[in-house]
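Novice: Next up, coords.cif (mmCIF, C-alpha atoms and all ligand atoms).
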data_my_file
#
loop_
_atom_site.label_atom_id
_atom_site.label_comp_id
_atom_site.auth_asym_id
_atom_site.auth_seq_id
_atom_site.Cartn_x
_atom_site.Cartn_y
_atom_site.Cartn_z
CA MET A 59 144.20 61.06 150.59
CA LYS A 60 144.57 58.22 148.10
CA ILE A 61 141.39 59.08 146.21
CA LEU A 62 142.35 62.70 145.75
CA LYS A 63 145.77 61.70 144.48
CA GLU A 64 144.02 59.81 141.72
CA TYR A 65 142.30 63.06 140.84
CA GLY A 66 145.66 64.70 140.23
CA TYR A 67 146.22 66.22 143.64
CA ILE A 68 149.88 66.40 144.55
CA GLN A 69 150.33 66.32 148.28
CA GLY A 70 152.44 69.15 149.60
CA GLU A 71 152.19 71.11 146.33
CA ASN A 72 150.01 73.81 147.76
CA THR A 73 151.20 73.96 151.31
CA HIS A 74 153.34 76.97 150.41
CA ILE A 75 150.31 79.15 150.92
CA TYR A 76 150.13 77.84 154.49
CA ASP A 77 152.81 76.04 156.46
CA THR A 78 150.17 73.44 157.09
CA PHE A 79 146.50 73.59 156.23
CA PRO A 80 144.41 75.11 159.03
CA THR A 81 143.00 72.44 161.33
CA GLY A 82 139.72 70.95 160.26
CA VAL A 83 140.12 71.55 156.53
CA ILE A 84 141.05 69.00 153.89
CA PRO A 85 141.83 69.33 150.18
CA ALA A 86 139.25 68.34 147.55
CA ARG A 87 138.67 68.68 143.80
CA VAL A 88 135.59 70.22 142.22
CA VAL A 89 134.11 67.68 139.78
CA GLU A 90 130.65 69.10 139.13
CA ILE A 91 128.82 72.39 139.51
CA HIS A 92 125.05 72.85 139.56
CA ARG A 93 124.38 76.51 140.19
CA ASN A 94 125.33 76.98 143.86
CA LEU A 95 125.92 73.33 144.58
CA TYR A 96 129.34 71.81 144.13
CA LYS A 97 130.26 68.16 143.95
CA VAL A 98 133.79 67.59 145.20
CA VAL A 99 136.02 64.57 145.63
CA CYS A 100 138.01 64.28 148.86
CA GLU A 101 139.50 61.56 151.02
CA HIS A 102 135.95 60.58 152.01
CA GLY A 103 134.88 60.13 148.39
CA GLU A 104 132.44 62.29 146.43
CA VAL A 105 130.52 64.74 148.60
CA ASN A 106 128.29 67.77 148.15
CA ALA A 107 129.64 71.13 149.13
CA SER A 108 128.59 74.74 149.15
CA LEU A 109 130.47 77.97 149.61
CA LYS A 110 131.09 79.01 153.19
CA GLY A 111 129.75 82.41 154.15
CA ALA A 112 133.27 83.63 154.84
CA PHE A 113 134.34 82.54 151.35
CA VAL A 114 131.50 84.43 149.69
CA HIS A 115 132.31 87.44 151.82
CA GLU A 116 135.87 87.55 150.53
CA VAL A 117 134.95 87.18 146.87
CA LYS A 118 135.96 90.26 144.93
CA GLU A 119 135.56 89.11 141.37
CA ARG A 120 133.64 86.55 139.41
CA SER A 121 136.87 84.63 138.82
CA ASP A 122 137.20 84.06 142.56
CA PHE A 123 134.43 81.45 142.43
CA PRO A 124 135.36 77.77 142.11
CA ALA A 125 135.47 76.23 138.63
CA VAL A 126 135.38 72.61 137.53
CA GLY A 127 138.83 71.14 138.17
CA ASP A 128 139.68 73.50 141.01
CA PHE A 129 141.44 72.13 144.05
CA VAL A 130 139.78 73.61 147.10
CA LEU A 131 139.93 73.35 150.85
CA ILE A 132 136.77 72.16 152.57
CA THR A 133 135.46 71.62 156.04
CA TYR A 134 134.12 68.09 155.80
CA ASN A 135 130.66 67.35 157.07
CA ASP A 136 129.56 63.72 156.95
CA CYS A 137 125.87 64.40 157.44
CA GLY A 138 125.26 67.38 155.20
CA ASN A 139 126.98 69.78 152.82
CA SER A 140 130.68 70.27 153.30
CA GLY A 141 131.87 73.87 153.13
CA ILE A 142 134.31 75.30 150.61
CA VAL A 143 136.64 77.71 152.37
CA LYS A 144 139.37 78.38 149.81
CA ILE A 145 140.51 77.79 146.23
CA LEU A 146 144.09 76.56 145.95
CA PRO A 147 146.30 78.24 143.32
CA ARG A 148 145.41 77.25 139.75
CA LYS A 149 148.15 75.84 137.54
CA SER A 150 146.08 76.35 134.42
CA LYS A 151 142.71 77.88 133.65
CA PHE A 152 140.28 78.87 130.97
CA SER A 153 138.24 81.98 131.43
CA ARG A 154 135.14 83.02 129.65
CA THR A 155 134.35 86.63 128.98
CA ASP A 156 131.01 87.20 130.56
CA PHE A 157 129.03 89.89 128.81
CA SER A 158 126.38 89.75 131.54
CA GLY A 159 123.59 89.41 129.04
CA HIS A 160 124.52 92.46 126.97
CA ALA A 161 125.22 92.48 123.26
CA VAL A 162 128.94 92.79 122.57
CA GLY A 163 128.72 96.40 121.40
CA TYR A 164 126.83 97.55 124.48
CA VAL A 165 128.71 96.07 127.38
CA LYS A 166 130.29 98.38 129.85
CA THR A 167 132.17 95.83 131.88
CA ILE A 168 133.20 92.32 131.00
CA LEU A 169 133.67 89.94 133.87
CA GLU A 170 136.12 87.10 133.85
CA GLN A 171 134.57 83.77 134.69
CA VAL A 172 136.81 80.75 135.09
CA VAL A 173 135.21 77.68 133.48
CA ALA A 174 137.92 75.04 133.92
CA ALA A 175 141.05 74.77 136.00
CA ASN A 176 144.11 72.60 136.59
CA PHE A 177 144.14 70.70 133.31
CA ASP A 178 147.24 69.31 131.61
CA TYR A 179 146.11 69.11 127.99
CA VAL A 180 143.70 71.03 125.81
CA TYR A 181 142.09 69.12 122.95
CA ILE A 182 141.23 71.66 120.29
CA MET A 183 138.57 69.87 118.32
CA SER A 184 137.48 70.60 114.79
CA SER A 185 135.53 68.35 112.47
CA LEU A 186 136.76 67.20 109.08
CA ASN A 187 133.70 68.24 107.17
CA GLN A 188 132.65 71.48 105.56
CA ASP A 189 132.86 73.20 108.95
CA PHE A 190 136.64 72.87 108.93
CA ASN A 191 137.94 76.35 109.67
CA LEU A 192 141.64 77.04 110.00
CA ASN A 193 141.04 80.47 111.52
CA ARG A 194 138.99 79.08 114.31
CA ILE A 195 141.59 76.44 115.09
CA MET A 196 144.25 79.15 115.29
CA ARG A 197 142.04 81.21 117.55
CA TYR A 198 141.53 78.30 119.94
CA LEU A 199 145.24 77.62 119.77
CA THR A 200 145.93 81.16 120.91
CA GLN A 201 143.68 80.67 123.91
CA ALA A 202 145.04 77.23 124.69
CA ARG A 203 148.64 78.43 124.67
CA GLN A 204 147.97 81.02 127.30
CA SER A 205 145.81 78.77 129.48
CA GLY A 206 148.76 76.89 130.97
CA GLY A 207 147.76 73.54 129.38
CA LYS A 208 149.43 71.85 126.41
CA PRO A 209 147.34 72.13 123.22
CA VAL A 210 146.73 69.20 120.87
CA VAL A 211 144.64 69.60 117.71
CA ILE A 212 142.11 66.79 117.22
CA LEU A 213 140.46 66.58 113.81
CA THR A 214 137.22 64.69 114.33
CA LYS A 215 135.00 62.67 111.97
CA ALA A 216 137.95 61.51 109.85
CA ASP A 217 135.62 58.88 108.38
CA LEU A 218 133.81 61.67 106.50
CA CYS A 219 136.85 62.77 104.48
CA ASP A 220 136.14 60.61 101.45
CA GLU A 221 132.48 61.43 101.34
CA GLU A 222 133.07 65.15 101.82
CA LYS A 223 136.01 65.14 99.40
CA ILE A 224 138.35 66.50 102.03
CA ASP A 225 142.07 65.94 101.72
CA LEU A 226 142.97 64.94 105.26
CA GLN A 227 146.73 65.28 104.83
CA ALA A 228 146.33 68.76 103.32
CA GLN A 229 144.38 69.88 106.39
CA VAL A 230 146.97 68.45 108.74
CA ASN A 231 149.71 70.19 106.76
CA ALA A 232 147.85 73.51 106.78
CA ILE A 233 147.73 73.45 110.57
CA LYS A 234 151.32 72.26 110.88
CA ALA A 235 152.44 75.12 108.60
CA LEU A 236 151.09 77.63 111.12
CA ALA A 237 151.96 75.71 114.29
CA ASP A 238 154.66 73.12 113.75
CA ASP A 239 155.14 72.51 117.47
CA ILE A 240 151.60 71.16 117.92
CA ASP A 241 150.46 67.57 117.53
CA VAL A 242 147.63 67.23 115.01
CA ILE A 243 145.69 63.97 115.28
CA PRO A 244 142.80 62.96 112.98
CA VAL A 245 140.32 60.63 114.67
CA SER A 246 136.95 59.05 114.12
CA SER A 247 134.75 58.04 117.01
CA TYR A 248 132.83 55.84 114.55
CA THR A 249 135.63 53.79 112.98
CA LYS A 250 137.99 54.39 115.96
CA VAL A 251 140.70 55.52 113.55
CA GLY A 252 143.36 57.56 115.37
CA ILE A 253 141.97 56.80 118.83
CA ASP A 254 145.10 54.76 119.60
CA GLN A 255 147.23 57.83 119.04
CA LEU A 256 145.45 59.55 121.89
CA THR A 257 146.65 56.99 124.42
CA GLN A 258 149.84 58.99 124.90
CA TYR A 259 147.71 61.61 126.69
CA LEU A 260 145.46 59.18 128.51
CA THR A 261 147.70 58.65 131.49
CA PRO A 262 146.46 58.43 135.06
CA ARG A 263 145.99 61.62 137.08
CA LYS A 264 146.12 63.89 134.00
CA THR A 265 143.26 66.18 133.08
CA ILE A 266 142.19 67.02 129.52
CA VAL A 267 139.88 69.83 128.52
CA PHE A 268 137.77 69.57 125.35
CA LEU A 269 137.46 72.76 123.34
CA GLY A 270 135.33 72.94 120.24
CA MET A 271 132.15 74.17 118.63
CA SER A 272 128.89 72.42 119.33
CA GLY A 273 128.55 69.33 117.17
CA VAL A 274 132.25 68.64 116.52
CA GLY A 275 131.87 65.34 118.34
CA LYS A 276 133.08 66.02 121.87
CA SER A 277 130.52 63.77 123.54
CA SER A 278 131.14 61.03 120.97
CA LEU A 279 134.89 61.15 121.57
CA LEU A 280 134.33 61.06 125.30
CA ASN A 281 132.20 57.95 124.90
CA ALA A 282 134.78 56.36 122.59
CA LEU A 283 137.51 57.01 125.16
CA ALA A 284 135.37 55.81 128.04
CA LYS A 285 134.32 52.77 125.99
CA GLU A 286 130.81 53.30 127.31
CA THR A 287 128.14 55.96 127.11
CA VAL A 288 128.82 58.72 129.59
CA MET A 289 127.24 61.44 127.48
CA THR A 290 124.20 61.21 125.25
CA VAL A 291 124.70 62.11 121.63
CA LYS A 292 121.82 63.29 119.49
CA ASP A 293 121.65 63.66 115.77
CA ILE A 294 122.30 67.03 114.26
CA ARG A 295 119.19 68.13 112.45
CA ALA A 296 120.34 70.48 109.73
CA ASP A 297 117.39 72.85 109.80
CA ASP A 298 116.38 72.54 113.41
CA ALA A 299 118.85 73.00 116.19
CA ARG A 300 116.23 72.44 118.89
CA GLY A 301 116.17 69.17 120.71
CA ARG A 302 119.91 68.85 120.32
CA HIS A 303 121.95 67.52 123.17
CA THR A 304 123.67 70.17 125.21
CA THR A 305 125.47 69.69 128.46
CA THR A 306 123.67 71.86 130.93
CA HIS A 307 125.96 71.58 133.88
CA ARG A 308 129.66 71.43 134.33
CA GLN A 309 131.58 68.34 135.09
CA LEU A 310 134.83 66.48 135.23
CA ILE A 311 134.62 62.85 134.14
CA MET A 312 136.98 60.08 135.21
CA LEU A 313 137.89 57.63 132.44
CA PRO A 314 138.77 53.98 133.14
CA THR A 315 142.40 54.88 132.31
CA GLY A 316 142.48 57.24 135.30
CA THR A 317 142.52 60.30 133.02
CA MET A 318 139.98 63.04 133.61
CA ILE A 319 138.02 64.96 130.99
CA ILE A 320 136.48 68.38 131.50
CA ASP A 321 133.72 69.30 129.08
CA THR A 322 131.59 72.20 130.22
CA PRO A 323 129.04 74.34 128.42
CA GLY A 324 131.21 77.35 129.14
CA MET A 325 134.00 75.90 127.03
CA ARG A 326 131.76 76.04 124.01
CA GLU A 327 131.22 79.77 123.98
CA LEU A 328 134.63 80.82 125.08
CA GLY A 329 135.57 84.37 124.22
CA LEU A 330 139.12 85.56 124.23
CA TRP A 331 140.42 86.53 127.62
CA ASP A 332 143.81 88.00 128.31
CA ALA A 333 145.01 86.43 125.10
CA GLU A 334 148.04 88.67 124.65
CA GLU A 335 150.44 85.95 125.74
CA GLY A 336 148.90 83.39 123.41
CA ILE A 337 148.84 85.83 120.50
CA HIS A 338 152.48 86.55 121.14
CA MET A 339 153.36 82.86 120.87
CA ALA A 340 151.15 82.16 117.88
CA PHE A 341 152.28 85.19 115.89
CA SER A 342 155.82 85.70 117.12
CA GLU A 343 157.22 86.14 113.60
CA ILE A 344 154.74 88.94 112.96
CA GLU A 345 155.69 90.66 116.19
CA ASP A 346 159.35 90.32 115.15
CA LEU A 347 158.50 92.05 111.86
CA ILE A 348 156.68 94.84 113.67
CA ASN A 349 159.76 95.45 115.75
CA MET A 350 161.69 96.00 112.53
CA CYS A 351 159.42 98.77 111.22
CA ARG A 352 161.26 102.09 110.96
CA PHE A 353 158.73 103.93 113.14
CA SER A 354 157.78 102.54 116.50
CA ASN A 355 154.21 103.82 116.07
CA CYS A 356 153.91 102.33 112.56
CA HIS A 357 150.33 101.51 111.52
CA HIS A 358 151.58 99.19 108.75
CA LYS A 359 149.38 100.96 106.21
CA THR A 360 151.46 103.41 104.15
CA GLU A 361 154.51 104.18 106.25
CA PRO A 362 157.95 104.08 104.65
CA GLY A 363 160.28 101.43 106.07
CA CYS A 364 157.37 99.26 107.20
CA ALA A 365 158.64 95.69 107.58
CA VAL A 366 155.13 94.26 107.53
CA LEU A 367 154.23 95.88 104.20
CA SER A 368 157.44 94.68 102.59
CA ALA A 369 156.95 91.12 103.91
CA LEU A 370 153.38 91.19 102.55
CA ALA A 371 154.67 92.45 99.18
CA SER A 372 157.37 89.80 98.94
CA GLY A 373 154.99 87.06 100.04
CA ASP A 374 157.08 86.22 103.12
CA LEU A 375 154.02 87.02 105.18
CA SER A 376 150.68 85.72 103.94
CA LYS A 377 147.77 88.14 103.83
CA SER A 378 145.49 85.73 105.68
CA HIS A 379 147.97 85.23 108.52
CA TRP A 380 148.29 89.00 108.89
CA HIS A 381 144.52 89.41 108.96
CA ASP A 382 144.17 86.67 111.59
CA TYR A 383 146.69 88.51 113.70
CA LEU A 384 144.84 91.83 113.33
CA ALA A 385 141.49 90.21 114.14
CA GLN A 386 142.80 88.56 117.30
CA LYS A 387 144.51 91.75 118.38
CA ARG A 388 141.31 93.72 117.86
CA GLU A 389 139.26 91.31 119.93
CA SER A 390 141.82 91.14 122.69
CA THR A 391 142.10 94.94 122.84
CA PHE A 392 138.33 95.29 122.96
CA VAL A 393 138.11 92.92 125.90
CA LYS A 394 140.96 94.62 127.73
CA GLN A 395 139.40 98.06 127.44
CA LYS A 396 136.15 96.84 128.90
CA VAL A 397 137.58 94.95 131.79
CA LYS A 398 137.79 96.61 135.08
CA PRO A 399 137.38 95.20 138.55
CA LYS A 400 133.88 95.80 139.75
CA LYS A 401 132.17 95.14 143.00
CA LEU A 402 129.80 92.24 142.61
CA SER A 403 126.17 92.74 143.37
CA LYS A 404 124.45 90.50 145.91
CA LYS A 405 122.71 88.64 143.13
CA MET A 406 126.00 87.93 141.39
CA ARG A 407 127.58 86.63 144.60
CA LYS A 408 124.73 84.18 144.90
CA ARG A 409 124.96 83.09 141.29
CA GLY A 410 128.68 82.37 141.32
N1 LIG B 1 130.70 60.62 110.80
C1 LIG B 1 130.95 60.88 112.09
N2 LIG B 1 130.04 61.54 112.84
C2 LIG B 1 130.31 61.77 114.13
C3 LIG B 1 131.53 61.36 114.72
N3 LIG B 1 131.53 61.78 116.01
C4 LIG B 1 130.33 62.39 116.23
N4 LIG B 1 129.60 62.39 115.11
C5 LIG B 1 128.23 62.95 114.95
O1 LIG B 1 128.27 64.35 115.11
C6 LIG B 1 127.10 64.79 115.82
C7 LIG B 1 127.49 65.59 117.07
O2 LIG B 1 128.21 64.73 117.95
P1 LIG B 1 128.38 65.05 119.50
O3 LIG B 1 129.35 64.06 120.01
O4 LIG B 1 127.07 65.19 120.19
O5 LIG B 1 129.06 66.49 119.42
P2 LIG B 1 129.33 67.53 120.62
O6 LIG B 1 130.56 68.25 120.24
O7 LIG B 1 129.36 66.82 121.92
O8 LIG B 1 128.09 68.46 120.51
P3 LIG B 1 127.46 69.40 121.64
O9 LIG B 1 127.07 68.51 122.76
O10 LIG B 1 126.31 70.07 120.96
O11 LIG B 1 128.54 70.36 122.01
C8 LIG B 1 126.30 63.55 116.13
O12 LIG B 1 125.32 63.41 115.13
C9 LIG B 1 127.30 62.43 116.03
O13 LIG B 1 126.73 61.20 115.68
C10 LIG B 1 132.49 60.66 113.90
O14 LIG B 1 133.59 60.27 114.30
N5 LIG B 1 132.14 60.45 112.60
ZN ZN B 2 155.00 98.79 109.89
#
What do you get writing this file as C-alpha cells?
Ligand SMILES: Nc1nc2c(ncn2[C@@H]2O[C@H](COP(=O)(O)OP(=O)(O)OP(=O)(O)O)[C@@H](O)[C@H]2O)c(=O)[nH]1
Ligand SMILES: [Zn+2]

Specialist:
Amino acid sequence: MKILKEYGYIQGENTHIYDTFPTGVIPARVVEIHRNLYKVVCEHGEVNASLKGAFVHEVKERSDFPAVGDFVLITYNDCGNSGIVKILPRKSKFSRTDFSGHAVGYVKTILEQVVAANFDYVYIMSSLNQDFNLNRIMRYLTQARQSGGKPVVILTKADLCDEEKIDLQAQVNAIKALADDIDVIPVSSYTKVGIDQLTQYLTPRKTIVFLGMSGVGKSSLLNALAKETVMTVKDIRADDARGRHTTTHRQLIMLPTGTMIIDTPGMRELGLWDAEEGIHMAFSEIEDLINMCRFSNCHHKTEPGCAVLSALASGDLSKSHWHDYLAQKRESTFVKQKVKPKKLSKKMRKRG
C-alpha cells in the first residue's frame, strides 16, 4: 500500500462506497493510457491493466471510462494484464467536450470525456510573448475553478519580456485585477527565474495538471521541475507546425519531489464543459448586477432599469469584461443544449 500512498491515495477515503473492498480487488492509480491499455500503479508497483468485461458492460457514458489520475479498483494478475473493475469517486476532474469528429456547428450530441482526475492544483499556463491573451487566461480560469482543483496562473518565458517589450508587472496586475484571489507567478524555464516560487506547490503526494496552448512551454517547465529531460522539446518553426513535439498519449509523471504532473493531449484542446459554476465564480459581480435589473427577463440591451447598462455607462463595469462574460455564457449554453445522455455504440465502448 505504501507505493500507492505516495501516489496520493488516502487509505480508507473511498471505503464509503463499500464497507470493505470486495475480496480480490486492490486500489490503484491510472498513470498512463494508450488506447485500450492502461498503466496503473498499485501495491505491486506499475502494472498493465485493461477494462474488465463487466466494467465495459456497465459503462453508460464516455465519462465512465478511466482517465489519467483516476483511482481504480483492480483484480491483480502477476503474469498478465490486471483488470480494472471500478473507478473510485473523483475529487476533481477535467472534461473535454468531444464533438465526435463533427464541426462545431453540425454536432448533434456532445459527449463528455474526462481527461484528468484527482488533481490538487491546475497550472494555467500562458507565455509572456505576443501570444499573451487575457481572455484565454480568464477562460481557463473559469474551467479550473469548476474542476475541483486550485488554479494558479503561470506566466512562462519571462526571459522574453525585455526582448518582446512586454511589461511583466502590468500583465500580472491585469490578471490580478480580474482575479485577485489567484496566485500569478512569472517563470522562465531557461533562466529558472520564478521556479523557486513553485516549490510551495511541489509537495509530496500532490497532483498538478498543466493547462495551456501548445507551445507555451509545458514540456520545458516539466523538465525544469524534474531537473532532467522527461519530455522532448522541439523548436517552434514559425511557418511550419509539422514536426513539432506533441504528446501522443496520456500520462502522469512523478517528480523527484514526490509531486505528480498530468499533461495530456486532451488538456490542450479543452472545450468548456459544465462551466456554469466556474462562470458564476469568475463573474459573480456581473451576476449580482443582473439580479438588480428591474425586469427578471432583462436582455441588457435597451430595457429601462437595467443595472448592467447603467454600470457600463458609468464605467463600473468594463465593456471587455461584459463581453467575456457573454462569450463564455454563449459557449456554455451551446454545450448544454447539445448534451444528452446517449447509448454508446460498440465501437465507442472499445475506444474508451
Ligand atoms: N525563451 C524561452 N523559451 C521557452 C521557454 N520555455 C519553453 N520555451 C520554448 O518554447 C517552445 C515550446 O516549448 P515546449 O516546452 O515544447 O511547449 P509545450 O507547451 O510543451 O508545447 P506542446 O508540446 O506543443 O504542447 C520551445 O521552442 C521551447 O524552447 C522559456 O522559459 N523561455
Ligand atoms: Zn439588464

Novice: Near Gly138 (chain A), within 9 Å and counting all atoms listed in the file, which residues show up once chain neighbours fewer than 2 positions away are dropped, as a PyMOL selection string?

Specialist: chain A and resi 105-107+134-136+140

Novice: Could you state the separation of CA of Val99 (chain A) and CA of Leu62 (chain A) in Å, given to one decimal place?

Specialist: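 Between CA of Val99 (chain A) and CA of Leu62 (chain A) the gap is 6.6 Å.
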
Novice: Using only C-alpha atoms, which residues sit within 9 Å of Ala216 (chain A) once same-chain residues fewer than 2 positions away are excluded, as a VMD selection string?

Specialist: chain A and resid 185 to 187 213 to 214 218 to 220 226 244 to 249 251 to 252

Novice: Find the residues near Lys264 (chain A): any atom within 10 Å, counting all atoms listed in the file, skip ones fewer than 6 places away on the same chain, and give them as an MDAnalysis selection string.

Specialist: chainID A and resid 64:67 176:179 312 315:319

Novice: Considering only C-alpha atoms, can you say which of A:Ile320, A:Ile344, A:Val274, A:Ile233 comes closest to Lys377 (chain A)?

Specialist: A:Ile344

Novice: All residues within 7 Å of ligand ZN 2 (chain B) are required, counting all atoms listed in the file; please report them as a ChimeraX atom specification.

Specialist: /A:348,351,356-358,361,364-367

Novice: By how many Å are CA of Gln386 (chain A) and atom C6 of ligand LIG 1 (chain B) apart?

Specialist: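 Here the two named atoms are 28.5 Å from each other.
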
Novice: Taking into account all atoms listed in the file, which residue in the set A:Glu116, A:Asp239, A:Glu389, A:Glu90 is nearest to Glu104 (chain A)?

Specialist: A:Glu90

Novice: Between atom C3 of ligand LIG 1 (chain B) and CA of Lys234 (chain A), what distance in Å does the model show, to one decimal?

Specialist: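 Those two atoms sit 22.9 Å apart.
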
Novice: Taking into account all atoms listed in the file, which residue in the set A:Ile243, A:Leu370, A:Ile132, A:Leu279 is nearest to ligand LIG 1 (chain B)?

Specialist: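 Of A:Ile243, A:Leu370, A:Ile132, A:Leu279, the one nearest ligand LIG 1 (chain B), counting all atoms listed in the file, is A:Leu279.
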
Novice: Smallest atom-to-atom distance to Ser342 (chain A): which of A:Phe79, A:Tyr383, A:Phe268, A:Tyr181, using only C-alpha atoms?

Specialist: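 Using only C-alpha atoms, the shortest distance to Ser342 (chain A) belongs to A:Tyr383.
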
Novice: Give me the box for ligand LIG 1 (chain B) as AutoDock Vina command-line options, namely the centre and edge lengths in Å to one decimal of a box along x, y and z that holds every listed atom plus 8 Å on each side.

Specialist:
--center_x 129.5 --center_y 65.3 --center_z 116.8 --size_x 24.3 --size_y 26.1 --size_z 28.0

Novice: Taking into account only C-alpha atoms and all ligand atoms, which residue in the set A:Asn281, A:Ser390, A:Gln204, A:Ser376 is nearest to ligand LIG 1 (chain B)?

Specialist: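 When distances to ligand LIG 1 (chain B) are compared using only C-alpha atoms and all ligand atoms, the smallest one comes from A:Asn281.
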
Novice: What lies within 7 Å of region 85-87 of chain A using all atoms listed in the file, ignoring chain neighbours under 6 positions off, as a PyMOL selection string?

Specialist: chain A and resi 62+98-100+127-132

Novice: Smallest atom-to-atom distance to Asp382 (chain A): which of A:Ile84, A:Met196, A:Val173, A:Ala282, using only C-alpha atoms?

Specialist: A:Met196

Novice: Tell me which protein, DNA and RNA residues are within 10 Å of Ala174 (chain A), counting only C-alpha atoms, leaving out same-chain ones fewer than 6 positions away, and put them as a VMD selection string.

Specialist: chain A and resid 88 124 to 128 148 150 to 154 205 267 308 to 310 320 to 322 324 to 325
